[in-house]
file start_4.cif (mmCIF, C-alpha atoms)
data_entry
loop_
_atom_site.label_atom_id
_atom_site.label_comp_id
_atom_site.auth_asym_id
_atom_site.auth_seq_id
_atom_site.Cartn_x
_atom_site.Cartn_y
_atom_site.Cartn_z
CA MET H 1 -10.66 47.35 -68.42
CA ILE H 2 -7.64 46.00 -66.55
CA LEU H 3 -7.00 46.99 -62.92
CA THR H 4 -3.80 46.31 -61.00
CA VAL H 5 -4.25 45.30 -57.36
CA LYS H 6 -1.15 45.67 -55.17
CA PRO H 7 -0.92 44.32 -51.61
CA LEU H 8 1.31 46.20 -49.15
CA GLN H 9 3.61 43.19 -49.09
CA GLY H 10 3.49 40.65 -51.86
CA LYS H 11 2.87 40.14 -55.53
CA GLU H 12 0.38 42.32 -57.40
CA CYS H 13 -2.25 40.94 -59.76
CA ASN H 14 -4.36 42.19 -62.64
CA VAL H 15 -8.12 41.77 -62.91
CA GLN H 16 -10.35 42.43 -65.88
CA VAL H 17 -13.61 44.21 -65.01
CA THR H 18 -16.03 46.82 -66.31
CA GLU H 19 -16.62 50.23 -64.76
CA ASP H 20 -20.06 49.01 -63.63
CA GLU H 21 -18.63 46.18 -61.50
CA LYS H 22 -19.12 46.37 -57.75
CA VAL H 23 -16.11 46.49 -55.44
CA SER H 24 -17.24 43.16 -53.97
CA THR H 25 -16.81 41.57 -57.42
CA VAL H 26 -13.25 42.89 -57.65
CA LYS H 27 -12.54 41.37 -54.22
CA GLU H 28 -13.81 37.98 -55.42
CA LEU H 29 -11.52 38.14 -58.47
CA VAL H 30 -8.57 39.11 -56.27
CA SER H 31 -9.45 36.24 -53.93
CA GLU H 32 -9.19 33.79 -56.85
CA ARG H 33 -5.82 35.15 -57.97
CA LEU H 34 -4.08 35.84 -54.65
CA ASN H 35 -5.87 33.32 -52.43
CA ILE H 36 -6.89 36.03 -49.94
CA PRO H 37 -10.49 35.70 -48.73
CA ALA H 38 -12.66 38.61 -49.88
CA ASN H 39 -13.80 39.33 -46.32
CA GLN H 40 -10.17 39.96 -45.29
CA GLN H 41 -9.54 42.45 -48.11
CA ARG H 42 -9.71 46.21 -47.87
CA LEU H 43 -9.27 47.90 -51.24
CA LEU H 44 -8.07 51.49 -51.50
CA TYR H 45 -7.94 53.87 -54.44
CA LYS H 46 -5.93 57.06 -54.04
CA GLY H 47 -5.91 56.47 -50.28
CA LYS H 48 -9.70 56.08 -50.01
CA ALA H 49 -11.27 52.82 -48.80
CA LEU H 50 -13.74 51.32 -51.28
CA ALA H 51 -17.12 50.08 -50.05
CA ASP H 52 -18.25 46.66 -51.30
CA GLU H 53 -21.68 47.83 -52.44
CA HIS H 54 -20.37 50.68 -54.61
CA LYS H 55 -19.47 50.42 -58.29
CA LEU H 56 -15.99 51.24 -59.57
CA SER H 57 -17.52 54.12 -61.54
CA ASP H 58 -18.72 55.66 -58.24
CA TYR H 59 -15.03 56.28 -57.46
CA SER H 60 -14.12 57.34 -61.03
CA ILE H 61 -11.88 54.30 -61.38
CA GLY H 62 -10.91 53.90 -64.99
CA PRO H 63 -8.73 51.65 -67.15
CA GLU H 64 -5.25 50.81 -65.89
CA ALA H 65 -5.98 52.15 -62.39
CA LYS H 66 -3.98 50.78 -59.48
CA LEU H 67 -5.78 49.68 -56.32
CA ASN H 68 -3.98 49.05 -53.05
CA LEU H 69 -4.89 46.05 -50.95
CA VAL H 70 -4.71 45.87 -47.17
CA VAL H 71 -5.26 42.40 -45.72
CA ARG H 72 -7.06 42.22 -42.39
CA PRO H 73 -6.28 39.37 -40.02
CA ALA H 74 -8.90 36.59 -39.93
CA GLY H 75 -11.59 37.15 -37.31
CA GLU H 76 -11.69 40.94 -37.51
CA ARG H 77 -14.76 42.68 -38.80
CA THR H 78 -15.38 46.28 -39.73
CA GLY H 79 -17.89 48.64 -38.24
CA ALA H 80 -19.56 51.66 -39.80
CA THR H 81 -16.26 53.53 -39.76
CA GLY H 82 -14.57 50.86 -41.85
CA MET H 83 -12.09 50.30 -39.03
CA ALA H 84 -11.45 46.83 -37.69
CA SER H 85 -13.20 46.25 -34.41
CA SER H 86 -14.15 43.59 -31.91
CA SER H 87 -17.70 42.70 -30.96
CA SER H 88 -17.95 45.40 -28.25
CA SER H 89 -17.42 49.14 -28.53
CA ILE H 90 -14.18 48.96 -26.49
CA PRO H 91 -11.54 46.60 -27.89
CA GLN H 92 -10.56 43.83 -25.49
CA GLY H 93 -7.11 42.51 -24.61
CA GLY H 94 -3.63 43.94 -24.86
CA VAL H 95 -3.07 47.63 -24.35
CA TRP H 96 -6.78 48.50 -24.06
CA GLN H 97 -7.29 46.03 -21.21
CA THR H 98 -4.20 47.39 -19.44
CA LEU H 99 -5.45 50.95 -19.93
CA SER H 100 -8.86 49.97 -18.54
CA THR H 101 -7.21 48.53 -15.42
CA ILE H 102 -5.14 51.68 -14.87
CA LEU H 103 -8.08 54.04 -15.42
CA ALA H 104 -10.20 52.02 -12.98
CA LYS H 105 -7.66 52.78 -10.23
CA HIS H 106 -7.91 56.54 -10.76
CA PHE H 107 -11.47 57.25 -11.95
CA SER H 108 -15.03 56.22 -11.24
CA PRO H 109 -16.25 53.43 -13.56
CA SER H 110 -18.32 55.82 -15.71
CA ASP H 111 -15.49 58.39 -15.98
CA ALA H 112 -12.95 55.66 -16.78
CA ALA H 113 -15.21 54.38 -19.57
CA LYS H 114 -15.59 57.92 -20.99
CA VAL H 115 -11.83 58.54 -20.94
CA GLN H 116 -11.09 55.19 -22.58
CA GLU H 117 -13.77 55.71 -25.23
CA GLN H 118 -12.31 59.12 -26.11
CA LEU H 119 -8.78 57.68 -26.30
CA ILE H 120 -9.99 54.96 -28.66
CA LYS H 121 -11.77 57.53 -30.86
CA ASP H 122 -8.60 59.65 -31.00
CA TYR H 123 -6.50 56.58 -31.82
CA GLU H 124 -8.85 55.49 -34.62
CA ARG H 125 -8.94 59.04 -36.02
CA SER H 126 -5.13 59.05 -36.09
CA LEU H 127 -5.12 55.72 -37.93
CA ARG H 128 -7.57 57.03 -40.55
CA GLN H 129 -5.24 59.97 -41.22
CA LEU H 130 -2.29 57.73 -42.08
CA SER H 131 -1.45 57.78 -45.77
CA LEU H 132 -0.83 54.57 -47.67
CA ASP H 133 2.86 55.56 -47.81
CA ASP H 134 2.90 55.87 -44.01
CA ILE H 135 1.33 52.41 -43.65
CA GLU H 136 3.72 50.84 -46.14
CA ARG H 137 6.74 52.41 -44.37
CA LEU H 138 5.47 51.21 -41.00
CA ALA H 139 4.83 47.69 -42.32
CA GLY H 140 8.33 47.58 -43.81
CA ARG H 141 9.90 48.65 -40.52
CA LEU H 142 7.89 46.13 -38.53
CA LEU H 143 8.77 43.30 -40.90
CA ASP H 144 12.45 44.28 -41.14
CA PRO H 145 13.42 46.51 -38.18
CA ASP H 146 17.11 46.59 -39.22
CA SER H 147 16.37 48.34 -42.51
CA ASP H 148 15.34 51.88 -43.41
CA GLY H 149 17.65 53.50 -40.86
CA MET H 150 15.16 53.00 -38.05
CA ASP H 151 16.55 54.02 -34.67
CA SER H 152 16.40 50.83 -32.66
CA SER H 153 18.32 52.16 -29.65
CA TYR H 154 15.13 52.07 -27.58
CA MET H 155 15.15 48.26 -27.91
CA ASP H 156 18.46 47.86 -26.08
#
call {"tool": "encode", "arguments": {"input": "start_4.cif", "output": "structure tokens"}}
result
Amino acid sequence: MILTVKPLQGKECNVQVTEDEKVSTVKELVSERLNIPANQQRLLYKGKALADEHKLSDYSIGPEAKLNLVVRPAGERTGATGMASSSSSIPQGGVWQTLSTILAKHFSPSDAAKVQEQLIKDYERSLRQLSLDDIERLAGRLLDPDSDGMDSSYMD
């Protein structure tokens, strides 16, 4: 059967597989065609992330199905939730480091860690609830902020 794989941004490709193929095999085929390493690919079908060890038939993926491809930046890995994460339970750098510094000024170390952990869980839950359409719209706005009628008055 032929599957179409469509990245959020970029050219789609077709791969020929059987229903008994594993998702990891599809990623290897996509890697050959689009030059995107398999370990940076996240394949979705009807908004659901596909696990490498499962077969296409486990997801009822049939002929002429369309899979969506999200490309993770190099160096990220996924945990049990399928979300990108760093090597520790609390992401380092950027906004999380700033938040940690602020919380440390107002809470005991153990309370600050609990608050930050809960904020991260809430953030990741919100990300998991985004639809593919939401992600594609967001990506389009980030790549071209002048399009799509986005209100950019906050940037002035």
call {"tool": "residues_around", "arguments": {"input": "start_4.cif", "residues": "segment 42-46 of chain H", "least_positions_apart": "2", "cutoff": "9 Å", "atoms": "only C-alpha atoms", "output": "number ranges by chain"}}
result
H: 5, 23, 27, 38-40, 48-51, 59, 61, 65-72, 132
call {"tool": "closest_residue", "arguments": {"input": "start_4.cif", "among": "H:Val30, H:Val95, H:Tyr123, H:Gln9", "to": "Arg137 of chain H", "atoms": "all atoms listed in the file"}}
result
H:Gln9
call {"tool": "atom_distance", "arguments": {"input": "start_4.cif", "atom1": "atom CA of Glu64 of chain H", "atom2": "atom CA of Gln16 of chain H"}}
result
9.8 Å
call {"tool": "residues_around", "arguments": {"input": "start_4.cif", "residues": "Val15 of chain H", "least_positions_apart": "2", "cutoff": "7 Å", "atoms": "all atoms listed in the file", "output": "VMD selection string"}}
result
chain H and resid 2 to 4 13 17 29
call {"tool": "resolve_selection", "arguments": {"input": "start_4.cif", "expression": "the PyMOL selection byres ((chain H and resi 116-122) around 8)", "output": "ChimeraX atom specification"}}
result
/H:90,99-100,103,112-115,123-126
call {"tool": "atom_distance", "arguments": {"input": "start_4.cif", "atom1": "atom CA of Ser24 of chain H", "atom2": "atom CA of Leu138 of chain H"}}
result
27.4 Å
call {"tool": "closest_residue", "arguments": {"input": "start_4.cif", "among": "H:Gly47, H:Glu12, H:His106, H:Asp58", "to": "Gln129 of chain H", "atoms": "all atoms listed in the file"}}
result
H:Gly47
call {"tool": "axis_aligned_box", "arguments": {"input": "start_4.cif", "around": "segment 133-145 of chain H", "padding_each_side": "6 Å", "output": "JSON"}}
result
{"center_x": 7.4, "center_y": 49.6, "center_z": -43.0, "size_x": 24.1, "size_y": 24.6, "size_z": 21.6}
call {"tool": "atom_distance", "arguments": {"input": "start_4.cif", "atom1": "atom CA of Ser131 of chain H", "atom2": "atom CA of Leu8 of chain H"}}
result
12.4 Å
call {"tool": "closest_residue", "arguments": {"input": "start_4.cif", "among": "H:Pro73, H:Pro37, H:Gly140, H:Pro109", "to": "Gly10 of chain H", "atoms": "all atoms listed in the file"}}
result
H:Gly140
call {"tool": "residues_around", "arguments": {"input": "start_4.cif", "residues": "Leu56 of chain H", "least_positions_apart": "5", "cutoff": "8 Å", "atoms": "all atoms listed in the file", "output": "list in words"}}
result
Glu19, Asp20, Glu21, Lys22, Val23, Ile61 and Gly62 of chain H
